[in-house]
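Student: Before I ask anything, here is the structure I am working with.
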Amino acid sequence: MQILAIKPTNNPSILKFEFDEFIVRTDNFEFKNIDETQASPLAKQLFFLPFVKTVYISGNFIAIEKFSIVEWEDVQNEVADQISDFINKGGKIVLVDESKNKKIPVTVYAETTPNPAVLKFACNKLLTKTPVEFKNIDETAASPLAKELFTFPFVKEVFIDENYVSITKFAVTEWDEITLELRTFIKGFIENGGIIIDETAIVKTDNHQKQQESYFENLDVTSQQIINIIEEYVKPAVQSDGGNIVFDSFDPSEKRVKVILQGACSGCPSSTFTLKNGIENMLKDMLKDPNIKVEAING
C-alpha cells in the first residue's frame, strides 16, 4: 500500500493523504486528540507531531487538520513519509473489530414539517456535526448520501444536520407515494457504512465562516446577543421542524436583523409568520428594543 497523492481540501488547514486502495470500508474515524486514538495506532503516532490538531480516516484516505504554527508545504512530505514508514513496518492504521463488519441496526423514521414540500427523516445516531444544505447534485461533493438522494427524480433539495435529513420534493409526486422508498434507502445507506458527510470536503462558504468562534468574537455586543438568543431559544425549535436558522448580519442604524433559513424553513409558507410573530417579538422583548426587525435574506 502506498500514498498515491497529497491533496489540498477546501479547508487550507486540512490535507488529504490518499492511498491506492481502501484502508477502511464501513467506518469513518475522527480523532480530536491522542486520548481518543485507541482504535488507531497510526493516529496515535501522528498526534506526537506538535502541529496535528485532528486526524480523519475514511475510505481510501487519511486527512489531517493542522494548527497554524506551521504551513503544510513545509511539513507535508515529512508527514507522508512517516505514514508510509509506519505502514511498511506493519503498523495498523485502525484496529478492526470483526463485530463491526456486521450491519448495525439503525432506526430511521419520517416526520412531517411545517413546510408541506419537506419531510424530515430522523435517525437514532449522529450524522454530522456540521449542518450542510445541498440545492442540487453539483453541490454534493461533501456528501455521498446527498448525491445518491438526488438520483431520485422527485428530490429537489437536501439538508443534513445532527441526526436528521430533510428532503424537499418537487410537486410532481405526493409524500405518501415516496416516503417508504426514501426511508428504506436512507436506513440502508447508513447501516451499510455509507459516508454521510465528509467534513474535509465541505466548502467553507461565507455562512460557514460566520459560525466560527473568531467571527463571533469580532462582532458588536448586540450582534453577539442576537446570536446567543437564536442559538439558545430559536434554533432548537427550528431543528425539531427539520430546518435551521443562521445569523447573517445586524444593521444598528436600521435595527434590522438578517437571517438565513435552511432545510424545511427555506421557502416554508409559515416562515414569514414565524419570523415576524416569533423571532422578531422575542428579540424585541429580550433586547428591550421595540424597533428590531427580522428578515430572511432567502425567505
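Quick note on naming: the chains in the C-alpha cells go A, B, ... in the order shown, residues restart at 1 in each chain, and ligands are numbered from 1 in order of appearance.
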Could you name the residues that touch Leu283 in chain A at 9 Å or less, counting only C-alpha atoms, but leaving out those on the same chain fewer than 3 positions away, as a ChimeraX atom specification?
Tutor: /A:226,229-230,278-280,286-290,292-294
Student: Hey, which bits of range 126-176 of chain A sit within 12 Å of range 104-110 of chain A, and for each residue what's the closest pair of atoms and how far apart in Å (one decimal), counting only C-alpha atoms, rows by chain and increasing number, as JSON lines?
Tutor:
{"residue": "A:Leu126", "atom": "CA", "partner": "A:Val106", "partner_atom": "CA", "distance": 10.9}
{"residue": "A:Leu127", "atom": "CA", "partner": "A:Val106", "partner_atom": "CA", "distance": 11.5}
{"residue": "A:Asn163", "atom": "CA", "partner": "A:Val108", "partner_atom": "CA", "distance": 9.7}
{"residue": "A:Tyr164", "atom": "CA", "partner": "A:Val108", "partner_atom": "CA", "distance": 8.7}
{"residue": "A:Val165", "atom": "CA", "partner": "A:Ala110", "partner_atom": "CA", "distance": 9.5}
{"residue": "A:Ser166", "atom": "CA", "partner": "A:Ala110", "partner_atom": "CA", "distance": 9.4}
{"residue": "A:Ile167", "atom": "CA", "partner": "A:Ala110", "partner_atom": "CA", "distance": 10.4}
{"residue": "A:Trp175", "atom": "CA", "partner": "A:Ala110", "partner_atom": "CA", "distance": 10.3}
{"residue": "A:Asp176", "atom": "CA", "partner": "A:Ala110", "partner_atom": "CA", "distance": 11.0}
Student: Output as a JSON list (two decimals) with N, CA and C atoms, in the first residue's frame all residues of range 48-236 of chain A that backbone DSSP marks as strand (DSSP E).
Tutor:
[["chain", "number", "residue", "atom", "x", "y", "z"],
["A", 52, "VAL", "N", -0.34, 18.65, 14.76],
["A", 52, "VAL", "CA", -1.54, 17.89, 14.39],
["A", 52, "VAL", "C", -2.68, 18.21, 15.34],
["A", 53, "LYS", "N", -3.79, 18.68, 14.76],
["A", 53, "LYS", "CA", -4.97, 19.06, 15.54],
["A", 53, "LYS", "C", -6.05, 17.97, 15.51],
["A", 54, "THR", "N", -6.34, 17.43, 14.31],
["A", 54, "THR", "CA", -7.37, 16.41, 14.16],
["A", 54, "THR", "C", -6.93, 15.43, 13.07],
["A", 55, "VAL", "N", -7.26, 14.16, 13.26],
["A", 55, "VAL", "CA", -6.98, 13.13, 12.25],
["A", 55, "VAL", "C", -8.29, 12.49, 11.83],
["A", 56, "TYR", "N", -8.53, 12.45, 10.50],
["A", 56, "TYR", "CA", -9.71, 11.80, 9.93],
["A", 56, "TYR", "C", -9.24, 10.60, 9.12],
["A", 57, "ILE", "N", -9.94, 9.48, 9.26],
["A", 57, "ILE", "CA", -9.64, 8.30, 8.45],
["A", 57, "ILE", "C", -10.94, 7.81, 7.83],
["A", 58, "SER", "N", -10.96, 7.73, 6.50],
["A", 58, "SER", "CA", -12.20, 7.35, 5.82],
["A", 58, "SER", "C", -11.87, 6.83, 4.43],
["A", 61, "PHE", "N", -8.43, 7.37, 2.34],
["A", 61, "PHE", "CA", -7.54, 8.48, 2.68],
["A", 61, "PHE", "C", -7.45, 8.73, 4.18],
["A", 62, "ILE", "N", -6.37, 9.41, 4.53],
["A", 62, "ILE", "CA", -6.19, 9.97, 5.87],
["A", 62, "ILE", "C", -6.12, 11.48, 5.68],
["A", 63, "ALA", "N", -6.92, 12.21, 6.41],
["A", 63, "ALA", "CA", -6.87, 13.68, 6.34],
["A", 63, "ALA", "C", -6.43, 14.21, 7.70],
["A", 64, "ILE", "N", -5.59, 15.22, 7.66],
["A", 64, "ILE", "CA", -5.05, 15.79, 8.89],
["A", 64, "ILE", "C", -5.31, 17.28, 8.92],
["A", 65, "GLU", "N", -5.86, 17.73, 10.02],
["A", 65, "GLU", "CA", -6.03, 19.17, 10.24],
["A", 65, "GLU", "C", -4.90, 19.64, 11.14],
["A", 66, "LYS", "N", -4.25, 20.73, 10.75],
["A", 66, "LYS", "CA", -3.09, 21.21, 11.50],
["A", 66, "LYS", "C", -3.41, 22.47, 12.29],
["A", 108, "VAL", "N", -34.70, 4.78, 11.43],
["A", 108, "VAL", "CA", -34.99, 5.99, 10.66],
["A", 108, "VAL", "C", -36.50, 6.13, 10.58],
["A", 109, "TYR", "N", -37.00, 7.28, 10.95],
["A", 109, "TYR", "CA", -38.44, 7.50, 10.87],
["A", 109, "TYR", "C", -38.72, 8.87, 10.26],
["A", 110, "ALA", "N", -39.84, 8.96, 9.59],
["A", 110, "ALA", "CA", -40.22, 10.19, 8.89],
["A", 110, "ALA", "C", -41.10, 11.06, 9.77],
["A", 111, "GLU", "N", -40.85, 12.37, 9.71],
["A", 111, "GLU", "CA", -41.67, 13.33, 10.44],
["A", 111, "GLU", "C", -42.12, 14.44, 9.49],
["A", 112, "THR", "N", -43.36, 14.85, 9.62],
["A", 112, "THR", "CA", -43.83, 15.98, 8.83],
["A", 112, "THR", "C", -43.21, 17.26, 9.38],
["A", 118, "VAL", "N", -41.49, 19.55, 2.45],
["A", 118, "VAL", "CA", -40.31, 18.99, 3.12],
["A", 118, "VAL", "C", -40.72, 17.92, 4.13],
["A", 119, "LEU", "N", -40.00, 16.81, 4.10],
["A", 119, "LEU", "CA", -40.17, 15.76, 5.09],
["A", 119, "LEU", "C", -38.83, 15.55, 5.80],
["A", 120, "LYS", "N", -38.91, 15.33, 7.09],
["A", 120, "LYS", "CA", -37.71, 15.14, 7.92],
["A", 120, "LYS", "C", -37.55, 13.66, 8.23],
["A", 121, "PHE", "N", -36.37, 13.11, 7.92],
["A", 121, "PHE", "CA", -36.06, 11.72, 8.22],
["A", 121, "PHE", "C", -35.06, 11.70, 9.39],
["A", 122, "ALA", "N", -35.55, 11.38, 10.57],
["A", 122, "ALA", "CA", -34.73, 11.41, 11.78],
["A", 122, "ALA", "C", -34.11, 10.04, 12.03],
["A", 123, "CYS", "N", -32.90, 10.06, 12.57],
["A", 123, "CYS", "CA", -32.13, 8.83, 12.81],
["A", 123, "CYS", "C", -31.71, 8.77, 14.27],
["A", 132, "VAL", "N", -25.30, 21.07, 6.64],
["A", 132, "VAL", "CA", -24.97, 21.38, 5.24],
["A", 132, "VAL", "C", -26.24, 21.29, 4.40],
["A", 133, "GLU", "N", -26.41, 22.27, 3.52],
["A", 133, "GLU", "CA", -27.57, 22.32, 2.64],
["A", 133, "GLU", "C", -27.11, 22.13, 1.20],
["A", 134, "PHE", "N", -27.83, 21.28, 0.46],
["A", 134, "PHE", "CA", -27.50, 20.99, -0.93],
["A", 134, "PHE", "C", -28.70, 21.35, -1.81],
["A", 155, "VAL", "N", -36.52, 14.36, -5.84],
["A", 155, "VAL", "CA", -35.77, 15.09, -4.80],
["A", 155, "VAL", "C", -35.28, 16.42, -5.35],
["A", 156, "LYS", "N", -35.68, 17.50, -4.70],
["A", 156, "LYS", "CA", -35.33, 18.85, -5.14],
["A", 156, "LYS", "C", -34.15, 19.41, -4.35],
["A", 157, "GLU", "N", -34.18, 19.26, -3.01],
["A", 157, "GLU", "CA", -33.10, 19.77, -2.16],
["A", 157, "GLU", "C", -32.89, 18.82, -0.98],
["A", 158, "VAL", "N", -31.68, 18.85, -0.42],
["A", 158, "VAL", "CA", -31.35, 18.01, 0.73],
["A", 158, "VAL", "C", -30.65, 18.86, 1.78],
["A", 159, "PHE", "N", -31.06, 18.69, 3.03],
["A", 159, "PHE", "CA", -30.41, 19.39, 4.15],
["A", 159, "PHE", "C", -30.11, 18.36, 5.22],
["A", 160, "ILE", "N", -28.85, 18.32, 5.69],
["A", 160, "ILE", "CA", -28.43, 17.33, 6.69],
["A", 160, "ILE", "C", -27.88, 18.07, 7.90],
["A", 161, "ASP", "N", -28.38, 17.69, 9.08],
["A", 161, "ASP", "CA", -27.94, 18.32, 10.32],
["A", 161, "ASP", "C", -28.09, 17.33, 11.46],
["A", 164, "TYR", "N", -30.58, 14.13, 11.47],
["A", 164, "TYR", "CA", -31.70, 14.04, 10.53],
["A", 164, "TYR", "C", -31.33, 14.55, 9.13],
["A", 165, "VAL", "N", -32.14, 14.09, 8.17],
["A", 165, "VAL", "CA", -32.04, 14.52, 6.78],
["A", 165, "VAL", "C", -33.39, 15.11, 6.39],
["A", 166, "SER", "N", -33.40, 16.36, 5.96],
["A", 166, "SER", "CA", -34.63, 16.98, 5.47],
["A", 166, "SER", "C", -34.59, 16.99, 3.95],
["A", 167, "ILE", "N", -35.65, 16.48, 3.34],
["A", 167, "ILE", "CA", -35.70, 16.40, 1.89],
["A", 167, "ILE", "C", -36.86, 17.25, 1.37],
["A", 168, "THR", "N", -36.54, 18.10, 0.40],
["A", 168, "THR", "CA", -37.55, 18.89, -0.29],
["A", 168, "THR", "C", -37.86, 18.20, -1.61],
["A", 169, "LYS", "N", -39.15, 17.98, -1.87],
["A", 169, "LYS", "CA", -39.55, 17.29, -3.09],
["A", 169, "LYS", "C", -40.12, 18.25, -4.12]]
Student: Mind the document's chain letters and residue numbers, and return as a PDB file with C-alpha atoms, in the first residue's frame the residues of range 90-291 of chain A that DSSP labels alpha helix (DSSP H).
Tutor:
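The resulting file, states.pdb, is shown below:
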ATOM      1  CA  PRO A 144     -22.212  10.817  -0.891  1.00  0.00           C
ATOM      2  CA  LEU A 145     -25.626  10.377   0.782  1.00  0.00           C
ATOM      3  CA  ALA A 146     -26.955  13.639  -0.660  1.00  0.00           C
ATOM      4  CA  LYS A 147     -25.524  12.746  -4.069  1.00  0.00           C
ATOM      5  CA  GLU A 148     -27.393   9.435  -4.063  1.00  0.00           C
ATOM      6  CA  LEU A 149     -30.609  11.088  -2.916  1.00  0.00           C
ATOM      7  CA  TRP A 175     -45.232  12.119   0.086  1.00  0.00           C
ATOM      8  CA  ASP A 176     -47.356   9.018   0.657  1.00  0.00           C
ATOM      9  CA  GLU A 177     -46.048   7.653  -2.638  1.00  0.00           C
ATOM     10  CA  ILE A 178     -42.321   8.069  -1.872  1.00  0.00           C
ATOM     11  CA  THR A 179     -41.825   8.219   1.920  1.00  0.00           C
ATOM     12  CA  LEU A 180     -41.254   4.493   2.411  1.00  0.00           C
ATOM     13  CA  GLU A 181     -38.824   4.345  -0.526  1.00  0.00           C
ATOM     14  CA  LEU A 182     -36.758   7.220   0.837  1.00  0.00           C
ATOM     15  CA  ARG A 183     -36.800   5.967   4.421  1.00  0.00           C
ATOM     16  CA  THR A 184     -35.689   2.489   3.325  1.00  0.00           C
ATOM     17  CA  PHE A 185     -32.885   3.917   1.189  1.00  0.00           C
ATOM     18  CA  ILE A 186     -31.543   6.222   3.919  1.00  0.00           C
ATOM     19  CA  LYS A 187     -31.689   3.437   6.502  1.00  0.00           C
ATOM     20  CA  GLY A 188     -29.818   1.001   4.236  1.00  0.00           C
ATOM     21  CA  PHE A 189     -27.205   3.619   3.257  1.00  0.00           C
ATOM     22  CA  ILE A 190     -26.390   4.337   6.901  1.00  0.00           C
ATOM     23  CA  GLU A 191     -26.423   0.686   8.001  1.00  0.00           C
ATOM     24  CA  ASP A 206     -19.209  32.798   3.989  1.00  0.00           C
ATOM     25  CA  ASN A 207     -22.090  31.343   6.002  1.00  0.00           C
ATOM     26  CA  HIS A 208     -19.822  28.671   7.419  1.00  0.00           C
ATOM     27  CA  GLN A 209     -17.176  31.179   8.413  1.00  0.00           C
ATOM     28  CA  GLU A 213     -15.731  31.488  17.159  1.00  0.00           C
ATOM     29  CA  SER A 214     -13.283  34.022  15.717  1.00  0.00           C
ATOM     30  CA  TYR A 215     -16.093  35.666  13.732  1.00  0.00           C
ATOM     31  CA  PHE A 216     -18.318  35.855  16.813  1.00  0.00           C
ATOM     32  CA  GLU A 217     -15.600  37.482  18.919  1.00  0.00           C
ATOM     33  CA  VAL A 221     -22.224  43.286  21.565  1.00  0.00           C
ATOM     34  CA  THR A 222     -25.768  43.461  20.147  1.00  0.00           C
ATOM     35  CA  SER A 223     -24.941  41.039  17.323  1.00  0.00           C
ATOM     36  CA  GLN A 224     -23.424  38.647  19.858  1.00  0.00           C
ATOM     37  CA  GLN A 225     -26.581  38.864  21.969  1.00  0.00           C
ATOM     38  CA  ILE A 226     -28.738  38.149  18.916  1.00  0.00           C
ATOM     39  CA  ILE A 227     -26.664  35.083  18.015  1.00  0.00           C
ATOM     40  CA  ASN A 228     -26.887  33.768  21.568  1.00  0.00           C
ATOM     41  CA  ILE A 229     -30.673  34.210  21.625  1.00  0.00           C
ATOM     42  CA  LYS A 235     -32.544  27.028  16.745  1.00  0.00           C
ATOM     43  CA  PRO A 236     -33.688  24.017  18.835  1.00  0.00           C
ATOM     44  CA  ALA A 237     -37.318  24.606  17.829  1.00  0.00           C
ATOM     45  CA  VAL A 238     -36.373  25.149  14.192  1.00  0.00           C
ATOM     46  CA  GLN A 239     -34.252  21.974  14.142  1.00  0.00           C
ATOM     47  CA  SER A 240     -37.141  19.955  15.569  1.00  0.00           C
ATOM     48  CA  SER A 271     -41.743  31.152   7.744  1.00  0.00           C
ATOM     49  CA  THR A 272     -42.753  34.813   7.409  1.00  0.00           C
ATOM     50  CA  PHE A 273     -45.255  34.413  10.230  1.00  0.00           C
ATOM     51  CA  THR A 274     -42.618  32.668  12.359  1.00  0.00           C
ATOM     52  CA  GLU A 280     -38.853  39.260  15.929  1.00  0.00           C
ATOM     53  CA  ASN A 281     -41.057  39.603  19.015  1.00  0.00           C
ATOM     54  CA  MET A 282     -38.617  37.535  21.045  1.00  0.00           C
ATOM     55  CA  LEU A 283     -35.685  39.768  20.067  1.00  0.00           C
ATOM     56  CA  LYS A 284     -37.685  42.940  20.761  1.00  0.00           C
ATOM     57  CA  ASP A 285     -38.506  41.650  24.231  1.00  0.00           C
ATOM     58  CA  MET A 286     -35.112  40.225  25.176  1.00  0.00           C
ATOM     59  CA  LEU A 287     -33.116  43.144  23.749  1.00  0.00           C
TER      60      LEU A 287
END
Student: At a cut-off of 6 Å, using only C-alpha atoms, what residues contact range 16-24 of chain A? Leave out same-chain residues fewer than 4 positions from it and give the result as a ChimeraX atom specification.
Tutor: /A:2-7,59-63
Student: For those residues, write N, CA, C and O atoms to a file as a PDB file, in the first residue's frame.
Tutor:
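This went into result-v5.pdb:
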ATOM      1  N   GLN A   2       0.544   2.186  -0.839  1.00  0.00           N
ATOM      2  CA  GLN A   2       1.345   3.391  -0.895  1.00  0.00           C
ATOM      3  C   GLN A   2       0.469   4.634  -1.025  1.00  0.00           C
ATOM      4  O   GLN A   2      -0.670   4.552  -1.457  1.00  0.00           O
ATOM      5  N   ILE A   3       1.026   5.757  -0.604  1.00  0.00           N
ATOM      6  CA  ILE A   3       0.316   7.021  -0.771  1.00  0.00           C
ATOM      7  C   ILE A   3       0.421   7.438  -2.228  1.00  0.00           C
ATOM      8  O   ILE A   3       1.508   7.602  -2.766  1.00  0.00           O
ATOM      9  N   LEU A   4      -0.745   7.581  -2.884  1.00  0.00           N
ATOM     10  CA  LEU A   4      -0.756   7.968  -4.280  1.00  0.00           C
ATOM     11  C   LEU A   4      -0.652   9.471  -4.466  1.00  0.00           C
ATOM     12  O   LEU A   4      -0.034   9.960  -5.389  1.00  0.00           O
ATOM     13  N   ALA A   5      -1.314  10.198  -3.559  1.00  0.00           N
ATOM     14  CA  ALA A   5      -1.370  11.644  -3.768  1.00  0.00           C
ATOM     15  C   ALA A   5      -1.553  12.380  -2.452  1.00  0.00           C
ATOM     16  O   ALA A   5      -2.158  11.879  -1.510  1.00  0.00           O
ATOM     17  N   ILE A   6      -0.976  13.567  -2.407  1.00  0.00           N
ATOM     18  CA  ILE A   6      -1.211  14.501  -1.315  1.00  0.00           C
ATOM     19  C   ILE A   6      -2.081  15.606  -1.899  1.00  0.00           C
ATOM     20  O   ILE A   6      -1.675  16.297  -2.827  1.00  0.00           O
ATOM     21  N   LYS A   7      -3.291  15.753  -1.351  1.00  0.00           N
ATOM     22  CA  LYS A   7      -4.248  16.674  -1.968  1.00  0.00           C
ATOM     23  C   LYS A   7      -4.749  17.717  -0.977  1.00  0.00           C
ATOM     24  O   LYS A   7      -5.123  17.384   0.149  1.00  0.00           O
ATOM     25  N   GLY A  59     -12.554   5.764   4.015  1.00  0.00           N
ATOM     26  CA  GLY A  59     -12.387   5.261   2.645  1.00  0.00           C
ATOM     27  C   GLY A  59     -10.939   4.957   2.308  1.00  0.00           C
ATOM     28  O   GLY A  59     -10.304   4.096   2.911  1.00  0.00           O
ATOM     29  N   ASN A  60     -10.388   5.707   1.343  1.00  0.00           N
ATOM     30  CA  ASN A  60      -9.007   5.468   0.905  1.00  0.00           C
ATOM     31  C   ASN A  60      -8.072   6.608   1.293  1.00  0.00           C
ATOM     32  O   ASN A  60      -7.035   6.810   0.654  1.00  0.00           O
ATOM     33  N   PHE A  61      -8.430   7.366   2.337  1.00  0.00           N
ATOM     34  CA  PHE A  61      -7.543   8.483   2.681  1.00  0.00           C
ATOM     35  C   PHE A  61      -7.449   8.729   4.183  1.00  0.00           C
ATOM     36  O   PHE A  61      -8.286   8.315   4.974  1.00  0.00           O
ATOM     37  N   ILE A  62      -6.374   9.407   4.528  1.00  0.00           N
ATOM     38  CA  ILE A  62      -6.193   9.970   5.872  1.00  0.00           C
ATOM     39  C   ILE A  62      -6.117  11.480   5.679  1.00  0.00           C
ATOM     40  O   ILE A  62      -5.357  11.964   4.838  1.00  0.00           O
ATOM     41  N   ALA A  63      -6.917  12.213   6.413  1.00  0.00           N
ATOM     42  CA  ALA A  63      -6.873  13.677   6.343  1.00  0.00           C
ATOM     43  C   ALA A  63      -6.427  14.207   7.697  1.00  0.00           C
ATOM     44  O   ALA A  63      -6.828  13.701   8.742  1.00  0.00           O
TER      45      ALA A  63
END
Student: Contacts of Glu162 in chain A at 9 Å or less, counting only C-alpha atoms, minus same-chain residues fewer than 6 places along, as a list in words?
Tutor: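 The neighbour list is Lys125, Leu126, Leu127, Thr128, Lys129, Thr130 and Pro131 of chain A.
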Student: Which residues are close to range 70-87 of chain A, i.e. within 9 Å by only C-alpha atoms, leaving aside same-chain residues fewer than 6 positions away? Reply as a VMD selection string.
Tutor: chain A and resid 1 to 3 6 12 to 15 17 42 45 to 46 49 51 93
